[in-house]
Structures are given as C-alpha cells and as structure tokens.
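A.B. asks: What follows is the file structure.cif, containing mmCIF, C-alpha atoms:
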```cif
data_my_file
#
loop_
_atom_site.label_atom_id
_atom_site.label_comp_id
_atom_site.auth_asym_id
_atom_site.auth_seq_id
_atom_site.Cartn_x
_atom_site.Cartn_y
_atom_site.Cartn_z
CA MET A 182 42.06 -48.67 2.70
CA PRO A 183 41.77 -45.12 4.09
CA PRO A 184 38.40 -44.03 5.49
CA LEU A 185 36.28 -42.22 2.91
CA ASP A 186 34.85 -39.81 5.49
CA ASN A 187 38.26 -38.12 5.81
CA ARG A 188 39.08 -37.95 2.12
CA GLN A 189 38.07 -35.20 -0.22
CA GLY A 190 35.61 -36.32 -2.88
CA ASN A 191 36.90 -37.24 -6.31
CA LEU A 192 34.90 -34.85 -8.46
CA ILE A 193 35.54 -36.57 -11.76
CA LYS A 194 32.62 -38.96 -11.14
CA SER A 195 30.23 -36.12 -10.31
CA PHE A 196 31.02 -34.33 -13.56
CA ARG A 197 29.59 -37.32 -15.41
CA GLY A 198 26.40 -37.17 -13.39
CA THR A 199 24.64 -34.20 -11.83
CA HIS A 200 27.62 -31.86 -11.43
CA LYS A 201 28.22 -30.85 -15.03
CA HIS A 202 28.99 -27.23 -14.17
CA ALA A 203 32.40 -26.59 -12.64
CA ALA A 204 34.87 -23.82 -11.91
CA PHE A 205 38.53 -23.78 -10.95
CA LEU A 206 39.45 -21.03 -8.47
CA PHE A 207 43.24 -20.57 -8.51
CA LEU A 208 44.63 -18.95 -5.38
CA GLN A 209 47.76 -16.90 -4.81
CA PHE A 210 48.08 -16.47 -1.06
CA LYS A 211 48.30 -13.12 0.70
CA ASN A 212 47.54 -14.67 4.10
CA PRO A 213 48.30 -18.40 3.62
CA ARG A 214 46.64 -19.81 6.73
CA GLY A 215 43.74 -17.41 6.55
CA ALA A 216 43.13 -18.43 2.94
CA ILE A 217 43.16 -22.11 3.86
CA HIS A 218 40.70 -21.50 6.72
CA ALA A 219 38.31 -19.74 4.32
CA ALA A 220 38.72 -22.22 1.45
CA ARG A 221 38.30 -25.38 3.55
CA GLU A 222 34.75 -24.51 4.66
CA GLY A 223 32.25 -26.99 3.26
CA LEU A 224 34.70 -29.40 1.65
CA THR A 225 33.01 -32.47 0.20
CA ARG A 226 33.89 -35.88 1.64
CA ALA A 227 34.38 -38.89 -0.62
CA ASP A 228 31.67 -40.86 1.18
CA GLU A 229 29.02 -38.20 0.60
CA LEU A 230 29.80 -37.22 -2.97
CA LEU A 231 28.01 -40.07 -4.72
CA GLY A 232 24.55 -38.90 -3.70
CA LEU A 233 25.24 -35.18 -3.54
CA ASP A 234 23.01 -32.82 -5.52
CA SER A 235 24.17 -29.47 -4.10
CA SER A 236 27.54 -27.83 -4.76
CA ALA A 237 30.69 -29.84 -4.11
CA ARG A 238 34.17 -28.48 -3.46
CA THR A 239 37.70 -29.81 -3.01
CA LEU A 240 40.93 -28.00 -2.19
CA GLY A 241 44.39 -28.81 -3.51
CA LEU A 242 47.78 -27.34 -2.57
CA SER A 243 50.71 -26.77 -4.90
CA LEU A 244 54.38 -27.09 -4.05
CA ASN A 245 54.55 -23.31 -3.64
CA GLY A 246 51.46 -23.37 -1.42
CA TYR A 247 53.14 -25.76 1.00
CA ARG A 248 56.21 -23.52 1.04
CA LYS A 249 54.18 -20.41 1.87
CA LEU A 250 52.50 -22.33 4.69
CA GLY A 251 55.94 -23.26 6.02
CA MET A 252 55.12 -26.95 5.65
CA ALA A 253 57.01 -29.77 3.95
CA PRO A 254 55.08 -31.04 0.90
CA PRO A 255 54.55 -34.75 0.19
CA SER A 256 57.69 -36.26 -1.29
CA GLU A 257 56.07 -36.99 -4.66
CA LEU A 258 55.05 -33.35 -5.04
CA ARG A 259 58.50 -32.24 -3.88
CA SER A 260 60.01 -34.22 -6.76
CA MET A 261 58.32 -31.80 -9.15
CA ALA A 262 60.78 -29.14 -7.95
CA ASP A 263 63.64 -30.87 -9.80
CA PRO A 264 65.30 -28.09 -11.84
CA SER A 265 65.38 -30.04 -15.10
CA TYR A 266 61.72 -30.99 -14.80
CA ARG A 267 60.62 -27.45 -13.90
CA ALA A 268 62.62 -26.05 -16.80
CA ASN A 269 60.81 -28.35 -19.23
CA TRP A 270 57.42 -27.88 -17.53
CA THR A 271 57.66 -24.08 -17.82
CA ARG A 272 59.67 -23.84 -21.04
CA ASN A 273 57.03 -21.59 -22.64
CA ARG A 274 56.00 -19.75 -19.49
CA ASN A 275 56.62 -16.35 -21.07
CA SER A 276 53.62 -17.07 -23.35
CA TRP A 277 51.39 -18.47 -20.58
CA GLU A 278 48.28 -16.60 -19.50
CA GLU A 279 47.64 -15.09 -16.09
CA PRO A 280 47.65 -16.26 -13.36
CA PHE A 281 50.04 -19.01 -14.46
CA LYS A 282 52.95 -16.71 -15.29
CA LYS A 283 53.44 -16.60 -11.51
CA GLU A 284 53.32 -19.43 -8.98
CA ILE A 285 49.90 -20.81 -8.06
CA ASP A 286 49.48 -21.74 -4.38
CA ALA A 287 46.20 -23.67 -4.37
CA VAL A 288 43.12 -24.56 -6.37
CA LEU A 289 39.55 -24.68 -5.10
CA LEU A 290 37.46 -26.85 -7.43
CA ILE A 291 33.71 -26.23 -7.20
CA SER A 292 30.98 -28.06 -9.10
CA HIS A 293 27.20 -27.84 -9.19
CA GLY A 294 24.19 -29.23 -11.00
CA ASN A 295 23.33 -25.93 -12.69
CA ASP A 296 25.08 -22.73 -13.71
CA ALA A 297 23.16 -20.47 -11.34
CA GLY A 298 24.06 -22.65 -8.37
CA LEU A 299 27.70 -22.69 -9.44
CA THR A 300 27.77 -18.90 -9.71
CA GLN A 301 26.33 -18.58 -6.22
CA ALA A 302 28.87 -21.05 -4.80
CA THR A 303 31.87 -19.40 -6.48
CA THR A 304 30.70 -15.93 -5.41
CA LEU A 305 30.48 -17.03 -1.78
CA ALA A 306 33.95 -18.63 -1.96
CA THR A 307 35.51 -15.60 -3.63
CA THR A 308 33.94 -13.24 -1.08
CA ALA A 309 35.27 -15.36 1.81
CA LEU A 310 38.77 -15.24 0.29
CA ASN A 311 38.76 -11.45 -0.22
CA GLY A 312 41.97 -9.99 1.18
CA LEU A 313 43.35 -13.45 1.94
CA ALA A 314 44.27 -14.52 -1.60
CA THR A 315 44.17 -13.34 -5.18
CA VAL A 316 41.52 -15.46 -6.89
CA THR A 317 41.38 -16.23 -10.61
CA GLU A 318 38.33 -18.17 -11.77
CA ILE A 319 38.40 -20.36 -14.88
CA ARG A 320 35.08 -21.91 -15.83
CA HIS A 321 34.40 -24.43 -18.57
CA GLN A 322 31.47 -24.37 -20.96
CA PRO A 323 28.55 -26.34 -19.49
CA ASN A 324 27.87 -29.81 -20.85
CA GLN A 325 30.97 -29.78 -23.05
CA GLN A 326 32.84 -32.75 -21.61
CA LEU A 327 35.40 -34.23 -23.98
CA ASP A 328 36.48 -37.31 -22.06
CA PRO A 329 33.80 -39.34 -20.24
CA PRO A 330 35.50 -41.39 -17.49
CA ARG A 331 35.39 -45.05 -18.47
CA HIS A 332 38.23 -46.61 -16.53
CA PRO A 333 36.89 -49.52 -14.42
CA ALA A 334 38.96 -48.55 -11.38
CA PHE A 335 36.90 -45.36 -11.04
CA ALA A 336 33.44 -46.81 -11.50
CA ASP A 337 30.68 -46.50 -8.93
CA LYS A 338 31.77 -47.00 -5.30
CA GLU A 339 35.47 -47.23 -6.15
CA LEU A 340 35.24 -43.45 -6.31
CA GLY A 341 37.48 -41.76 -3.79
CA ARG A 342 39.47 -44.90 -2.94
CA PHE A 343 41.98 -44.57 -5.74
CA PRO A 344 44.61 -43.22 -6.08
CA ASN A 345 45.85 -44.10 -2.61
CA PRO A 346 49.41 -42.77 -2.09
CA GLU A 347 51.25 -43.40 1.16
CA SER A 348 52.17 -40.24 3.03
CA THR A 349 53.72 -39.79 6.45
CA LEU A 350 52.66 -36.12 6.32
CA ASP A 351 49.04 -36.99 5.68
CA PRO A 352 48.35 -40.48 7.08
CA ASP A 353 44.74 -40.48 5.89
CA HIS A 354 45.96 -40.03 2.34
CA GLY A 355 45.02 -37.75 -0.52
CA VAL A 356 45.29 -37.60 -4.28
CA TYR A 357 47.62 -35.86 -6.74
CA ALA A 358 46.22 -33.85 -9.62
CA THR A 359 47.40 -31.86 -12.62
CA PHE A 360 45.69 -28.97 -14.39
CA LEU A 361 46.48 -27.65 -17.87
CA LYS A 362 44.87 -24.85 -19.82
CA ILE A 363 45.34 -25.67 -23.50
CA GLU A 364 44.66 -23.56 -26.58
CA VAL A 365 43.43 -25.49 -29.60
CA PRO A 366 43.46 -23.36 -32.78
CA PRO A 367 40.87 -23.99 -35.53
CA LEU A 368 41.93 -27.21 -37.24
CA GLU A 369 39.53 -27.22 -40.19
CA THR A 370 39.13 -24.82 -43.10
CA GLU A 371 36.10 -22.64 -42.37
CA LEU A 372 36.20 -20.01 -45.14
CA PRO A 373 37.19 -20.15 -48.83
CA GLY A 374 40.86 -19.44 -49.29
CA GLN A 375 41.76 -20.27 -45.70
CA THR A 376 43.96 -23.18 -44.71
CA THR A 377 44.78 -24.94 -41.45
CA PRO A 378 47.39 -27.50 -40.35
CA LEU A 379 44.77 -30.26 -40.41
CA ALA A 380 43.56 -29.39 -43.91
CA ASP A 381 47.14 -29.15 -45.19
CA PHE A 382 47.99 -32.50 -43.61
CA ALA A 383 44.88 -34.23 -44.99
CA GLY A 384 45.67 -32.99 -48.48
CA ALA A 385 49.32 -34.02 -48.27
CA VAL A 386 48.57 -37.62 -47.28
CA GLY A 387 45.48 -37.94 -49.44
CA VAL A 388 42.75 -38.58 -46.85
CA THR A 389 39.56 -36.92 -45.65
CA LEU A 390 39.54 -34.54 -42.69
CA ASP A 391 37.89 -37.19 -40.49
CA LYS A 392 40.52 -39.77 -41.45
CA ALA A 393 43.26 -37.22 -40.76
CA LYS A 394 41.81 -36.70 -37.27
CA THR A 395 41.76 -40.46 -36.71
CA LEU A 396 45.43 -40.79 -37.69
CA ILE A 397 46.44 -37.92 -35.40
CA LEU A 398 44.26 -38.83 -32.40
CA GLY A 399 44.58 -42.62 -32.55
CA ARG A 400 40.80 -43.02 -32.38
CA HIS A 401 37.85 -41.92 -34.48
CA PRO A 402 36.64 -38.31 -34.02
CA ASP A 403 33.47 -39.58 -32.31
CA GLY A 404 35.58 -41.42 -29.71
CA ARG A 405 35.37 -44.94 -31.15
CA PRO A 406 38.59 -46.99 -30.99
CA PRO A 407 40.59 -47.16 -34.23
CA ASP A 408 40.08 -49.92 -36.78
CA GLY A 409 42.16 -53.02 -36.06
CA SER A 410 41.85 -52.74 -32.30
CA SER A 411 40.12 -55.17 -29.99
CA THR A 412 37.62 -53.60 -27.63
CA ASN A 413 36.17 -54.21 -24.20
CA ALA A 414 32.39 -53.77 -24.42
CA SER A 415 32.12 -52.66 -20.78
CA TYR A 416 34.94 -50.11 -20.94
CA PRO A 417 35.43 -48.82 -24.52
CA ASP A 418 38.50 -46.80 -23.55
CA SER A 419 40.42 -49.97 -22.66
CA TYR A 420 40.84 -51.13 -26.26
CA ASP A 421 43.97 -53.05 -27.28
CA LEU A 422 46.25 -52.04 -30.18
CA THR A 423 48.39 -55.17 -30.44
CA ALA A 424 46.92 -56.15 -33.83
CA ALA A 425 46.42 -52.63 -35.23
CA THR A 426 48.59 -51.68 -38.19
CA ALA A 427 50.42 -48.37 -38.59
CA ALA A 428 47.88 -47.42 -41.26
CA GLN A 429 45.00 -47.98 -38.84
CA CYS A 430 46.69 -46.29 -35.86
CA PRO A 431 50.15 -44.72 -36.25
CA PHE A 432 52.68 -45.46 -33.52
CA HIS A 433 52.88 -41.73 -32.81
CA ALA A 434 49.10 -41.12 -32.66
CA HIS A 435 48.18 -39.23 -29.50
CA ALA A 436 46.09 -41.97 -27.81
CA ALA A 437 48.65 -44.65 -28.68
CA ILE A 438 51.50 -42.66 -27.12
CA MET A 439 49.55 -41.89 -23.96
CA ASN A 440 48.80 -45.62 -23.61
CA PRO A 441 50.44 -48.08 -26.07
CA ARG A 442 47.72 -50.61 -25.20
CA GLY A 443 49.89 -53.68 -25.64
CA ARG A 444 51.72 -52.60 -28.78
CA VAL A 445 55.52 -52.36 -29.11
CA VAL A 446 56.49 -48.84 -30.20
CA PRO A 447 59.61 -48.65 -32.42
CA PRO A 448 62.50 -48.34 -31.77
CA LEU A 449 61.67 -50.15 -28.49
CA THR A 450 61.46 -53.95 -28.50
CA THR A 451 59.04 -54.58 -25.61
CA PRO A 452 55.61 -53.13 -24.76
CA GLN A 453 55.50 -50.19 -22.37
CA ALA A 454 53.28 -50.37 -19.31
CA PRO A 455 50.77 -47.50 -19.14
CA ASN A 456 51.16 -44.75 -16.57
CA GLN A 457 47.65 -44.62 -15.16
CA ILE A 458 45.97 -41.28 -14.77
CA VAL A 459 42.28 -40.48 -14.82
CA ARG A 460 41.56 -37.38 -16.81
CA ARG A 461 38.75 -35.09 -17.80
CA SER A 462 38.75 -32.41 -20.48
CA TRP A 463 36.22 -29.64 -21.03
CA THR A 464 35.94 -26.98 -23.70
CA TYR A 465 36.29 -23.25 -23.15
CA ASP A 466 36.35 -20.40 -25.67
CA LYS A 467 39.93 -21.04 -26.89
CA GLY A 468 40.38 -24.76 -26.39
CA MET A 469 40.17 -27.13 -23.47
CA LEU A 470 40.76 -27.41 -19.75
CA PHE A 471 42.57 -30.61 -18.78
CA PHE A 472 42.40 -32.05 -15.27
CA SER A 473 43.71 -35.41 -14.11
CA TYR A 474 44.12 -37.42 -10.92
CA GLU A 475 47.19 -39.63 -10.48
CA LYS A 476 48.85 -41.71 -7.77
CA ASP A 477 52.10 -39.84 -8.38
CA PRO A 478 52.66 -36.63 -10.39
CA LEU A 479 55.53 -38.46 -12.07
CA ASP A 480 52.91 -40.58 -13.85
CA PHE A 481 51.73 -37.42 -15.58
CA ALA A 482 55.30 -36.18 -16.16
CA VAL A 483 56.26 -39.45 -17.85
CA LEU A 484 53.32 -39.13 -20.23
CA MET A 485 54.32 -35.60 -21.23
CA ASN A 486 57.90 -36.72 -21.74
CA ARG A 487 56.67 -39.62 -23.84
CA ALA A 488 54.65 -37.21 -26.00
CA GLN A 489 57.78 -35.17 -26.73
CA ASN A 490 60.09 -38.12 -27.37
CA PHE A 491 57.66 -40.26 -29.38
CA ARG A 492 56.52 -37.48 -31.71
CA ASP A 493 52.94 -36.90 -30.52
CA PRO A 494 51.44 -34.39 -33.03
CA ILE A 495 49.06 -33.04 -30.38
CA LEU A 496 51.49 -32.26 -27.56
CA ALA A 497 55.00 -32.30 -29.08
CA MET A 498 56.56 -29.12 -30.43
CA GLY A 499 58.34 -28.93 -33.76
CA THR A 500 61.71 -28.88 -32.01
CA ASP A 501 60.86 -32.26 -30.42
CA ILE A 502 60.53 -33.99 -33.78
CA GLY A 503 63.28 -34.77 -36.26
CA ASP A 504 63.02 -33.89 -39.95
CA ALA A 505 64.60 -37.10 -41.26
CA HIS A 506 63.15 -40.57 -40.94
CA ARG A 507 66.08 -42.35 -39.40
CA PRO A 508 67.06 -43.39 -35.86
CA GLY A 509 69.19 -40.96 -33.90
CA HIS A 510 68.31 -37.84 -35.87
CA GLN A 511 67.02 -35.88 -32.89
CA ASN A 512 66.37 -36.95 -29.31
CA GLY A 513 67.26 -40.47 -30.41
CA TRP A 514 63.94 -41.02 -32.24
CA GLU A 515 62.82 -41.17 -35.84
CA ALA A 516 60.69 -38.53 -37.50
CA GLN A 517 56.99 -39.20 -38.11
CA GLU A 518 55.81 -41.42 -40.92
CA TRP A 519 52.15 -41.59 -41.94
CA GLU A 520 50.90 -44.64 -43.84
CA THR A 521 47.78 -44.15 -45.99
CA PRO A 522 46.36 -45.75 -49.16
CA THR A 523 48.40 -43.24 -51.19
CA GLY A 524 51.70 -44.41 -49.66
CA LYS A 525 54.03 -43.67 -46.75
CA HIS A 526 54.45 -39.97 -46.09
CA LYS A 527 57.31 -38.50 -44.07
CA ILE A 528 55.63 -35.34 -42.84
CA LYS A 529 56.42 -33.52 -39.61
CA LEU A 530 53.25 -32.55 -37.77
CA ALA A 531 53.57 -30.90 -34.36
CA GLY A 532 52.37 -28.08 -32.15
CA LEU A 533 48.66 -28.60 -32.79
CA THR A 534 47.99 -27.32 -29.26
CA THR A 535 49.57 -24.67 -27.04
CA VAL A 536 49.76 -24.92 -23.25
CA LEU A 537 48.69 -21.60 -21.70
CA GLY A 538 49.35 -22.58 -18.08
CA GLY A 539 49.21 -25.35 -15.55
CA GLU A 540 50.22 -26.70 -12.15
CA HIS A 541 50.52 -29.86 -10.05
CA PHE A 542 48.51 -30.19 -6.82
CA TYR A 543 48.01 -32.50 -3.86
CA PHE A 544 44.50 -32.80 -2.39
CA PRO A 545 45.16 -33.78 1.25
CA SER A 546 42.78 -35.27 3.78
CA ILE A 547 40.15 -33.08 5.44
CA THR A 548 41.78 -33.61 8.85
CA PHE A 549 45.09 -32.32 7.51
CA LEU A 550 43.44 -29.14 6.17
CA ASN A 551 41.46 -28.63 9.38
CA ASN A 552 44.69 -28.82 11.42
CA ILE A 553 46.40 -25.98 9.52
#
```
Reformat the file's structure so that it appears as structure tokens.
C.D. replies:
Amino acid sequence: MPPLDNRQGNLIKSFRGTHKHAAFLFLQFKNPRGAIHAAREGLTRADELLGLDSSARTLGLSLNGYRKLGMAPPSELRSMADPSYRANWTRNRNSWEEPFKKEIDAVLLISHGNDAGLTQATTLATTALNGLATVTEIRHQPNQQLDPPRHPAFADKELGRFPNPESTLDPDHGVYATFLKIEVPPLETELPGQTTPLADFAGAVGVTLDKAKTLILGRHPDGRPPDGSSTNASYPDSYDLTAATAAQCPFHAHAAIMNPRGRVVPPLTTPQAPNQIVRRSWTYDKGMLFFSYEKDPLDFAVLMNRAQNFRDPILAMGTDIGDAHRPGHQNGWEAQEWETPTGKHKIKLAGLTTVLGGEHFYFPSITFLNNI
C-alpha cells in the first residue's frame, strides 16, 4: 500500500462533502517545467483531504504533457496513443469546443466549500500560470451533482488508496482519470408544437416520459434501480440485474451496458465482468461534465467501446447501431428492441448526447511532480 502522504488526494470524496464547488483548469504549456512548478504549489495530499475545509487541488498530466516535458509517460497512458484508439476517441474532434480541438497538456482540479473561495483559488492559480501556459477554466454549476459516489471501495478512509497502479516511473503510485464535456440537448417537450427525441420515443413505444427515461437509462429518473433488480441496502448503485426482464431493463440500457450487473447480454453467452471506474458528473449550462478515476485508462476505453457495440442510446451514434433486428447487420450486433406493454418495438435510438471534448490524465505522486 503506497503512503498516503505522497499521493494526491482523490477529490471525488470531497465533492460529496464540503467541497461542492469545483473548477477544471486545462493547461496548454508554453513553458512546460515552469507551468508544472507553478501548478504544483499547494497540492493536496490524500492523507489530509478527509478533514480539509479550505481549497483542495490536484494536478494531472496528459500524454502530450509528458511529451512536452521530455519524459516517458506511464505505460498505461502511453497505450492511449494507439492510432486506432485515438482515431475513435477523436472521431468528432472537428465539432469539439475549445480548448479540446488542440492537445491538452495538463489539468489542475480545484475544489472549495463555497463559490467565493473557489474563485479566489482559481484566480491565484491562473495568475501564477500567466505566461507559462494557456489556461481554460471550466466550472460546473454548484450543488448540481448527478452521480453521488456509492461504491464501497471508495468509502471513508479507503479514499486515496485505490486505484493503485504499479509504475516504475512513479514508484509511489498515482491514479488515472478521464474527463469528458458532454452536451445534453433538451429531451422533453417544453412548448406546444415542439418535439424531442425522448417525446417521440415515448409516443412510439406507448409509455410515459418517466418510463421512457427508465428504459433508456436502466434506472429510474430519481436514481432508484430498475424494477426486477435486487439491491444492496448499503450501496444502492451495486444492484444486480440477473433477474430483471428486458421490459424492466433493456439489455442496451445505458446503466446495464456500463455494468451488466450479473446479466448475460445477447448475443454473448456468459456474463461480462465490470470494468471498474469511479465517476462523478455535474451539470453545466449545456449538459454535464464527466470525470472518472480508473486503475487503467483502458477500463474507460472498454466501456466506451461497449457503449458503441452494444447500442447504448446515450453514448452510441446512429452509425453504431444497425437498422435491422438480426445478428450481424452492423458491427456484428443486433439493432435495438424495446419491450413495453404495447409490444416489442424495433426502434433505433442513438446520439442523445454529444461529446464536446475530453482527455485522459495521470495524477502522479507529489514527489514525482516536485522532482520535475
């Protein structure tokens, strides 16, 4: 177990508690080492985060950031440079927002207990980085957390000890992370005469808007597990889908694809093991900011690939989903089928969100950053 006093704090826990205000400062280096020296001041250690009431900050480096520093990145991060993966990861980069149309070198994640304190902390950080890096700040709306962390491995004092990847470059270990900025268009009809994909879908399959959301998400809109699942009272997010029917939770529902939860997903014949990540989502004016920690960035990559191949209506694009309901039509998978009291409906539903930018990062030990 690596010492917590040399690891950067895992800020996901603090967002649940006192640090509900947070900002992502994305850096594009002008002076790589100078930027690191400025950004590393006041980094929060894992052993001090639990009781911290003032601002907390952690610093992560991207693959491009390591390159600009003239340093070899951790092997798991280096695997994200695979041409086929990068091509898929950036397949819509021409429609991404700034600064993500270009390579991001690092992210400085700052949180605080109130908005005024966060503004002061981000202003000080931005001022220190002036001339050393181009800084783009993205801030979420306060108190609008979409995904409360409920995984038992991240409860209480387990914070900061997991993930725990081996690294010869950083023997005191760090943590991998992924950021996505996602646009979520209005899904419900707001004005007479208007229509939305959700309203069209609900009408086509003969269900209410709330039931349509449940079918698409794989859980009730208020976060409760779907009907037919067995739940764990201590950790509601760890529900099991083995006994749930397709009418209660479709095989291609978003939550079921991200974690099959014991169920066999056709056309496979055995259950898939989940790729564990710990994620947090917050709202902003156009949608949500997604941030996750993982032992290996491939864990995140596998989930995104699963969303495309298994017809996730939230993350898959229309070109990922076949039009006919038969094996082998496109990408080797069947098209979507939605089972409701009015029958089985073969309706293609995709592209409910749009990725506007993102990057993978590695948050190394404090000693590693101090030695740059």
A.B. asks: With the file shown as input, list the residues that the PyMOL selection byres ((chain A and resi 303-317) around 6) selects, as a list of chain:residue names.
C.D. replies: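 Selected by the PyMOL selection byres ((chain A and resi 303-317) around 6) here: A:Leu206, A:Phe207, A:Leu208, A:Gln209, A:Phe210, A:Lys211, A:Asn212, A:Ala216, A:Ala219, A:Thr300, A:Gln301, A:Ala302, A:Glu318.
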A.B. asks: Quote the spacing between CA of Ser236 in chain A and CA of Ser292 in chain A in Å to one decimal place.
C.D. replies: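 That distance, rounded to one decimal, is 5.5 Å.
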A.B. asks: Using all atoms listed in the file, find the one residue out of A:Ala488, A:Leu299, A:Ala437, A:Leu361 that sits nearest to Leu537 in chain A.
C.D. replies: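 Smallest distance to Leu537 in chain A is found for A:Leu361.
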A.B. asks: Here is a test: counting all atoms listed in the file, which residue of A:Ile528, A:Ala383, A:Val459, A:Ala436 is nearest to Arg487 in chain A?
C.D. replies: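 Of all the options, A:Ala436 lies closest to Arg487 in chain A.
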A.B. asks: What would the selection look like, as a PyMOL selection string, if the PyMOL selection byres ((chain A and resi 481-484) around 12) were run on the coordinates I just shared?
C.D. replies: chain A and resi 257-258+260-261+263+265-267+269-270+357-361+435-441+453-460+471-480+485-491+493+496-497+540-542
A.B. asks: Please report the interatomic distance between CA of Ala385 in chain A and CA of Thr535 in chain A in Å with one decimal.
C.D. replies: 23.2 Å
A.B. asks: At what distance in Å, to one decimal, does CA of Val288 in chain A lie from CA of Arg221 in chain A?
C.D. replies: 11.1 Å
